[in-house]
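Trainee: Pasting data-v1.cif here (mmCIF, C-alpha atoms (C1' of nucleotides)):
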data_my_file
loop_
_atom_site.label_atom_id
_atom_site.label_comp_id
_atom_site.auth_asym_id
_atom_site.auth_seq_id
_atom_site.Cartn_x
_atom_site.Cartn_y
_atom_site.Cartn_z
CA MET M 17 0.00 0.00 0.00
CA PRO M 18 1.64 3.07 1.25
CA GLU M 19 3.92 5.02 -0.99
CA LEU M 20 5.36 8.45 -0.24
CA PRO M 21 2.08 10.44 -0.24
CA GLU M 22 0.38 7.97 2.10
CA VAL M 23 3.33 7.90 4.50
CA GLU M 24 3.60 11.70 4.40
CA THR M 25 -0.10 12.00 5.21
CA ILE M 26 0.33 9.70 8.19
CA ARG M 27 3.39 11.68 9.25
CA ARG M 28 1.48 14.96 9.23
CA ASP M 29 -1.44 13.48 11.15
CA LEU M 30 0.76 11.86 13.78
CA GLU M 31 2.77 15.05 14.13
CA GLN M 32 -0.48 16.67 15.30
CA THR M 33 -1.66 13.90 17.59
CA LEU M 34 1.59 12.46 18.93
CA VAL M 35 4.30 15.10 19.25
CA GLY M 36 4.56 16.32 22.83
CA ARG M 37 2.55 13.39 24.15
CA THR M 38 4.01 10.90 26.58
CA ILE M 39 3.90 7.17 25.94
CA GLU M 40 2.53 5.26 28.86
CA ALA M 41 3.15 1.76 27.56
CA ILE M 42 3.43 -0.27 24.42
CA THR M 43 1.61 -3.54 23.84
CA ILE M 44 3.14 -5.97 21.38
CA HIS M 45 0.72 -8.57 20.08
CA ARG M 46 3.09 -10.05 17.51
CA ASP M 47 6.79 -9.73 17.87
CA ASP M 48 7.80 -10.98 14.42
CA ILE M 49 7.09 -7.53 13.03
CA LEU M 50 9.95 -6.17 15.13
CA ARG M 51 13.22 -5.89 13.22
CA GLU M 52 16.48 -6.27 15.12
CA THR M 53 14.58 -5.33 18.25
CA GLU M 54 13.62 -7.39 21.27
CA PRO M 55 10.08 -6.89 22.60
CA ARG M 56 11.31 -6.25 26.11
CA GLU M 57 13.87 -3.76 24.88
CA LEU M 58 11.14 -1.86 23.03
CA ARG M 59 8.76 -1.86 26.00
CA GLU M 60 11.42 -0.53 28.32
CA ALA M 61 12.77 2.05 25.88
CA VAL M 62 9.48 3.79 25.16
CA ALA M 63 7.58 3.70 28.46
CA GLY M 64 7.46 7.17 29.98
CA ARG M 65 9.12 8.82 26.98
CA ALA M 66 7.73 11.77 25.06
CA CYS M 67 7.46 11.83 21.29
CA ARG M 68 9.65 14.68 20.04
CA SER M 69 9.13 14.54 16.28
CA VAL M 70 7.67 12.50 13.45
CA ARG M 71 9.76 12.54 10.30
CA ARG M 72 9.75 10.63 7.05
CA ARG M 73 12.31 9.32 4.63
CA GLY M 74 10.95 7.63 1.53
CA LYS M 75 8.25 5.27 2.77
CA ASN M 76 9.69 5.12 6.31
CA LEU M 77 8.55 6.97 9.41
CA ILE M 78 10.98 8.07 12.10
CA LEU M 79 9.52 8.76 15.56
CA ARG M 80 12.10 10.42 17.79
CA LEU M 81 11.56 9.96 21.49
CA SER M 82 12.96 11.72 24.52
CA GLY M 83 15.83 9.83 26.08
CA GLY M 84 17.67 9.27 22.81
CA ALA M 85 15.74 6.52 21.06
CA ALA M 86 13.99 6.48 17.72
CA LEU M 87 11.27 4.18 16.48
CA LEU M 88 11.38 3.41 12.75
CA VAL M 89 8.25 2.18 11.02
CA HIS M 90 7.75 0.73 7.56
CA LEU M 91 4.20 -0.11 6.53
CA GLY M 92 4.89 -2.69 3.84
CA MET M 93 1.92 -3.33 1.58
CA SER M 94 -1.01 -3.33 3.98
CA GLY M 95 0.25 -1.52 7.07
CA GLN M 96 -1.74 1.07 8.99
CA LEU M 97 -0.53 3.44 11.69
CA TYR M 98 -3.22 5.63 13.16
CA PHE M 99 -4.26 7.52 16.27
CA THR M 100 -7.55 6.78 17.94
CA ASP M 101 -9.15 7.82 21.21
CA GLY M 102 -12.28 5.72 20.89
CA PRO M 103 -13.12 2.86 23.26
CA GLU M 104 -13.08 0.15 20.59
CA GLU M 105 -11.01 -3.00 20.83
CA PRO M 106 -8.05 -3.17 18.45
CA PRO M 107 -9.17 -4.83 15.21
CA ASP M 108 -7.79 -8.10 13.84
CA HIS M 109 -4.16 -7.99 12.69
CA THR M 110 -3.23 -5.29 15.19
CA HIS M 111 0.39 -6.01 16.07
CA VAL M 112 1.39 -3.10 18.28
CA VAL M 113 -0.56 -0.54 20.33
CA VAL M 114 1.16 2.53 21.77
CA GLU M 115 -0.83 3.75 24.76
CA LEU M 116 -0.55 7.48 25.40
CA SER M 117 -0.88 9.07 28.79
CA GLY M 118 -4.12 10.96 29.16
CA GLU M 119 -6.16 9.35 26.45
CA GLY M 120 -5.62 7.90 23.05
CA ARG M 121 -3.35 5.40 21.43
CA VAL M 122 -1.55 4.71 18.20
CA VAL M 123 -2.35 1.42 16.47
CA PHE M 124 0.00 -0.45 14.17
CA ARG M 125 -1.96 -2.94 12.09
CA ASP M 126 -0.75 -4.92 9.09
CA VAL M 127 -2.67 -7.79 7.54
CA ARG M 128 0.08 -9.06 5.27
CA ARG M 129 2.89 -8.46 7.72
CA PHE M 130 5.38 -7.07 5.25
CA GLY M 131 5.74 -4.02 7.47
CA HIS M 132 8.07 -3.75 10.44
CA MET M 133 9.23 -1.59 13.36
CA GLU M 134 12.76 -1.08 14.58
CA LEU M 135 14.08 0.65 17.69
CA VAL M 136 17.46 2.37 17.35
CA PRO M 137 19.51 4.89 19.29
CA SER M 138 18.81 8.29 17.73
CA GLY M 139 22.42 8.59 16.56
CA ARG M 140 22.10 5.44 14.48
CA VAL M 141 18.95 6.19 12.53
CA ALA M 142 20.75 6.64 9.22
CA ASP M 143 22.64 3.37 9.36
CA SER M 144 19.83 1.30 10.81
CA SER M 145 18.67 -1.85 9.08
CA THR M 146 15.52 -0.01 8.06
CA LEU M 147 17.15 3.09 6.58
CA ARG M 148 20.71 2.32 5.54
CA ASN M 149 19.75 1.40 1.98
CA VAL M 150 17.24 4.19 1.48
CA GLY M 151 18.28 6.77 -1.10
CA ILE M 152 17.28 10.36 -1.91
CA ASP M 153 13.72 11.20 -0.94
CA ALA M 154 11.54 11.99 -3.94
CA MET M 155 10.04 15.10 -2.31
CA SER M 156 13.33 16.49 -1.02
CA ASP M 157 15.26 19.34 -2.64
CA GLU M 158 18.03 16.88 -3.42
CA PHE M 159 15.79 15.17 -5.94
CA SER M 160 16.50 17.40 -8.93
CA ALA M 161 16.17 16.76 -12.65
CA ASP M 162 19.97 16.52 -12.70
CA TYR M 163 19.90 13.83 -10.02
CA LEU M 164 17.34 11.87 -12.01
CA ALA M 165 19.43 12.20 -15.18
CA GLN M 166 22.51 10.93 -13.39
CA MET M 167 20.53 8.10 -11.81
CA LEU M 168 19.36 6.86 -15.21
CA GLU M 169 22.45 7.61 -17.27
CA GLY M 170 23.96 4.72 -19.18
CA ARG M 171 21.69 2.06 -17.71
CA SER M 172 19.98 -0.61 -19.76
CA ALA M 173 17.44 -1.58 -17.09
CA LEU M 174 13.72 -0.99 -17.37
CA LEU M 175 12.94 2.60 -16.41
CA LYS M 176 10.08 1.45 -14.24
CA GLY M 177 12.34 -0.84 -12.24
CA ALA M 178 14.85 1.95 -11.72
CA LEU M 179 12.15 4.31 -10.43
CA LEU M 180 11.01 1.69 -7.94
CA ASP M 181 14.54 1.15 -6.59
CA GLN M 182 14.37 2.70 -3.11
CA SER M 183 18.13 2.79 -2.73
CA ARG M 184 18.36 5.37 -5.54
CA LEU M 185 15.06 7.23 -5.27
CA ALA M 186 12.93 6.72 -2.18
CA GLY M 187 9.17 7.05 -2.10
CA LEU M 188 7.72 5.88 -5.40
CA GLY M 189 5.76 2.65 -5.64
CA ASN M 190 3.78 0.98 -8.38
CA ILE M 191 0.83 3.39 -8.41
CA TYR M 192 2.76 6.65 -8.61
CA VAL M 193 5.31 5.32 -11.09
CA CYS M 194 2.44 4.41 -13.43
CA GLU M 195 0.86 7.82 -12.93
CA ALA M 196 4.10 9.75 -13.37
CA LEU M 197 5.00 7.90 -16.57
CA TYR M 198 1.56 8.67 -17.96
CA ARG M 199 1.85 12.36 -17.14
CA ALA M 200 5.31 12.51 -18.67
CA GLY M 201 4.13 10.68 -21.81
CA ILE M 202 6.76 7.96 -21.43
CA HIS M 203 6.05 4.33 -22.29
CA PRO M 204 6.45 1.96 -19.31
CA GLU M 205 8.66 -0.39 -21.31
CA ALA M 206 11.22 2.34 -21.94
CA ARG M 207 14.76 1.62 -20.79
CA CYS M 208 16.67 4.13 -18.68
CA ASN M 209 19.02 5.02 -21.51
CA ASP M 210 16.17 5.63 -23.97
CA LEU M 211 15.32 8.98 -22.37
CA SER M 212 16.42 12.31 -23.84
CA GLY M 213 17.25 15.27 -21.59
CA GLY M 214 13.77 16.62 -22.25
CA ASP M 215 12.19 13.31 -21.29
CA VAL M 216 14.08 13.32 -18.01
CA ARG M 217 12.97 16.84 -17.20
CA ARG M 218 9.33 16.03 -17.98
CA LEU M 219 9.55 12.88 -15.90
CA HIS M 220 11.06 14.76 -12.97
CA ALA M 221 8.30 17.37 -13.10
CA ALA M 222 5.63 14.67 -13.40
CA ILE M 223 6.95 12.77 -10.37
CA HIS M 224 6.97 15.90 -8.27
CA ALA M 225 3.52 16.98 -9.41
CA VAL M 226 1.78 13.66 -8.88
CA LEU M 227 3.29 13.21 -5.42
CA ALA M 228 2.33 16.75 -4.38
CA GLU M 229 -1.23 16.32 -5.61
CA ALA M 230 -1.56 12.96 -3.90
CA ILE M 231 -0.30 14.40 -0.61
CA ALA M 232 -2.86 17.20 -0.91
CA ALA M 233 -5.54 14.51 -1.39
CA GLU M 234 -4.24 12.59 1.65
CA GLY M 235 -3.13 9.60 -0.38
CA THR M 236 -4.71 6.78 -2.36
CA THR M 237 -6.99 4.26 -0.67
CA ILE M 238 -7.53 1.14 -2.75
CA SER M 239 -7.92 -1.40 0.00
CA ASP M 240 -6.09 -1.03 3.31
CA TYR M 241 -4.55 2.41 3.52
CA VAL M 242 -5.90 4.87 6.06
CA THR M 243 -4.47 8.21 7.19
CA GLY M 244 -2.92 8.79 10.60
CA ASN M 245 -6.47 9.50 11.79
CA GLY M 246 -7.83 6.22 10.50
CA VAL M 247 -9.83 7.49 7.53
CA PRO M 248 -9.34 6.84 3.79
CA GLY M 249 -7.55 9.18 1.41
CA SER M 250 -9.09 10.50 -1.79
CA PHE M 251 -6.50 10.37 -4.57
CA GLN M 252 -7.95 7.08 -5.86
CA ASP M 253 -10.60 9.29 -7.51
CA ARG M 254 -7.91 11.16 -9.42
CA LEU M 255 -5.82 8.28 -10.76
CA ARG M 256 -5.55 8.53 -14.53
CA VAL M 257 -4.22 5.08 -15.41
CA TYR M 258 -3.68 2.91 -12.34
CA GLY M 259 -6.45 0.33 -12.02
CA ARG M 260 -8.27 1.68 -15.09
CA GLU M 261 -7.67 -1.11 -17.60
CA GLY M 262 -10.24 -0.95 -20.39
CA GLU M 263 -11.39 2.57 -19.55
CA PRO M 264 -10.89 5.44 -21.99
CA CYS M 265 -7.84 7.65 -21.61
CA GLY M 266 -9.21 10.91 -20.26
CA ARG M 267 -6.90 13.21 -22.22
CA ASP M 268 -8.68 15.51 -24.68
CA GLY M 269 -8.43 14.19 -28.19
CA CYS M 270 -7.07 10.75 -27.22
CA GLU M 271 -9.23 7.87 -28.44
CA HIS M 272 -7.21 5.10 -26.81
CA THR M 273 -8.06 2.77 -23.95
CA ILE M 274 -5.90 2.16 -20.88
CA GLU M 275 -4.01 -1.11 -21.08
CA ARG M 276 -2.48 -3.35 -18.42
CA ILE M 277 0.75 -5.28 -18.89
CA VAL M 278 2.84 -7.26 -16.42
CA GLN M 279 6.46 -6.27 -15.82
CA SER M 280 8.57 -8.07 -13.23
CA ASN M 281 5.39 -9.65 -11.89
CA ARG M 282 3.74 -6.27 -11.28
CA SER M 283 0.82 -4.72 -13.10
CA THR M 284 1.60 -1.66 -15.18
CA TYR M 285 -1.18 0.54 -16.55
CA PHE M 286 -0.63 2.95 -19.42
CA CYS M 287 -2.20 4.67 -22.40
CA PRO M 288 -0.73 3.35 -25.66
CA GLY M 289 -1.64 6.61 -27.40
CA CYS M 290 -0.11 9.06 -24.95
CA GLN M 291 3.00 7.19 -23.81
CA ARG M 292 5.93 6.81 -26.20
CA ARG M 293 8.97 4.66 -26.10
CA CYS M 294 11.22 7.75 -26.49
CA ARG M 295 13.87 6.37 -28.84
CA ALA M 296 13.88 3.74 -31.53
CA ARG M 297 15.39 0.55 -30.20
"C1'" DA U 20 28.02 -5.28 -11.20
"C1'" DG U 21 23.60 -5.13 -13.10
"C1'" DT U 22 19.22 -7.00 -13.88
"C1'" DC U 23 15.11 -9.37 -12.83
"C1'" DA U 24 11.96 -13.24 -11.24
"C1'" DA U 25 10.45 -15.35 -7.16
"C1'" DA U 26 9.50 -15.51 -2.41
"C1'" DC U 27 7.70 -13.64 1.85
"C1'" DC U 28 2.09 -13.48 4.07
"C1'" DT U 29 -2.79 -12.88 4.09
"C1'" DG U 30 -7.32 -11.87 2.40
"C1'" DG U 31 -10.66 -10.73 -1.22
"C1'" DG U 32 -12.84 -11.72 -5.44
"C1'" DC U 33 -13.80 -14.61 -9.14
"C1'" DG U 34 -15.11 -18.91 -11.78
"C1'" DC U 35 -16.57 -23.51 -11.42
"C1'" DT S 15 -21.24 -23.37 0.05
"C1'" DG S 16 -16.71 -24.51 -1.01
"C1'" DC S 17 -12.56 -25.01 -3.48
"C1'" DG S 18 -8.88 -23.35 -6.23
"C1'" DC S 19 -6.87 -19.81 -8.57
"C1'" DC S 20 -5.44 -15.07 -9.34
"C1'" DC S 21 -4.71 -10.62 -7.66
"C1'" DA S 22 -2.78 -6.92 -4.47
"C1'" DG S 23 0.11 -0.55 -3.00
"C1'" DG S 24 6.82 -3.51 -0.93
"C1'" DT S 25 11.26 -5.38 -0.20
"C1'" DT S 26 14.73 -8.88 -0.20
"C1'" DT S 27 17.02 -12.83 -1.99
"C1'" DG S 28 19.38 -15.32 -5.19
"C1'" DA S 29 20.15 -16.84 -9.93
"C1'" DC S 30 21.83 -15.56 -14.26
#
Could I get this file's structure written as structure tokens?
Mentor:
Amino acid sequence: MPELPEVETIRRDLEQTLVGRTIEAITIHRDDILRETEPRELREAVAGRACRSVRRRGKNLILRLSGGAALLVHLGMSGQLYFTDGPEEPPDHTHVVVELSGEGRVVFRDVRRFGHMELVPSGRVADSSTLRNVGIDAMSDEFSADYLAQMLEGRSALLKGALLDQSRLAGLGNIYVCEALYRAGIHPEARCNDLSGGDVRRLHAAIHAVLAEAIAAEGTTISDYVTGNGVPGSFQDRLRVYGREGEPCGRDGCEHTIERIVQSNRSTYFCPGCQRRCRAR
DNA sequence: AGTCAAACCTGGGCGC
DNA sequence: TGCGCCCAGGTTTGAC
């Protein structure tokens, strides 16, 4: 599920509900979602600590706590992390509950269990297991058109695969890669070294635009994703190709229909009229 | 070194 | 109703 816009939405919500609050206790229902962290170690490290900040890098959340610890969270495909102050019991597949002093709690729930949490000393966030292979964030100033050009230069790999490689560019997943390629008019079977300088600049602008719009819409809810307040996002209503196989391309003057192909075992959606292969191959 | 398919885990939806 | 198959937003592993 959650790509950069979804994780950023959760970050913003939790920044409002969690920063400055004190953690009373943490309940771990399933400890195999902890990465390089012992349950007891986690319980002892967070109890009585305040949450100082909620940051994000790529699809990862970084919760800094008083006392020099940081809690890293990755939501995998189906993970949820949300604040609630209702009386309800935690739903099925809830793996961790962070109880706040006063009232309220933060629930970590993940049906498919591809997500994980890791506790690290705050000085070792960058070289933690969770973050050490995470590259430039796609919404950071470091992600320039020049960076993208350099990232793609001279490579024969599928462009789509390169854009999904979190160690080079962090934050894009299958949905937003499909959407960005559509907006840039680039065929999903293009290879990295097929792109001209102009293609790279259009692609860079398209990536930035689609991520910004999706953040403004609080992310895309297709099945599991909810915001940091436990409600769905709305960008699913604005997707132009993802999940729209067989529907007409919405661009004025285009008579084509959205197609689905499979690349590296993942679905790719595109408009065969609007998206070009860039260079003869 | 670079590239890419398969595996990890679970649930939902579909056809039979 | 039930079974089997296919599908899913991510990341890692290992084979070529």
Trainee: Only residues of chain S matter here; which ones have an atom within 12 Å of chain M, counting all atoms listed in the file? Give them as a list in words.
Mentor: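 On the chain S side, the interface is DC21, DA22, DG23, DG24, DT25 and DT26 of chain S.
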Trainee: Excluding same-chain residues fewer than 5 positions from Cys294 in chain M, what lies within 8 Å of it counting all atoms listed in the file, as a list of chain:residue names?
Mentor: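 Near neighbours after the sequence-gap exclusion: M:Ile202, M:His203, M:Ala206, M:Asp210, M:Leu211, M:Ser212, M:Asp215.
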Trainee: Report, in Å to a single decimal, how far apart CA of Arg148 in chain M and CA of Phe99 in chain M are.
Mentor: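 Going from CA of Phe99 in chain M over to CA of Arg148 in chain M, I get 27.7 Å.
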Trainee: The PyMOL selection byres ((chain U) within 10 of (chain M)) on the file shown: which residues, as a list in words?
Mentor: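 On the file shown, the PyMOL selection byres ((chain U) within 10 of (chain M)) covers DG21, DT22, DC23, DA24, DA25, DC27, DC28, DT29, DG30 and DG31 of chain U.
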Trainee: Grab all the atoms of range 97-112 of chain M that the file lists, wrap them in a box along x, y and z, add 8 Å per side, and give me centre plus edge lengths in Å (one decimal) as lines of an AutoDock Vina configuration file.
Mentor:
center_x = -5.9
center_y = -0.1
center_z = 17.5
size_x = 30.5
size_y = 31.9
size_z = 27.6
Trainee: Just to confirm, what's the straight-line distance from CA of Thr110 in chain M to CA of Thr43 in chain M in Å (one decimal)?
Mentor: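 If I compute the distance from CA of Thr110 in chain M to CA of Thr43 in chain M, I get 10.1 Å.
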Trainee: Written as an MDAnalysis selection string, what is the full residue list that the PyMOL selection byres ((chain M and resi 162) around 12) yields on the file shown?
Mentor: chainID M and resid 157:161 163:169 213:214 216:221
Trainee: Just say which residues the PyMOL selection byres ((chain U and resi 33) around 10) picks in this file, as a ChimeraX atom specification.
Mentor: /U:31-32,34-35 /S:19-20
Trainee: Using Å and a single decimal, report how far CA of Val70 in chain M sits from CA of Glu31 in chain M.
Mentor: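 Atom-to-atom, CA of Glu31 in chain M to CA of Val70 in chain M, that is 5.6 Å.
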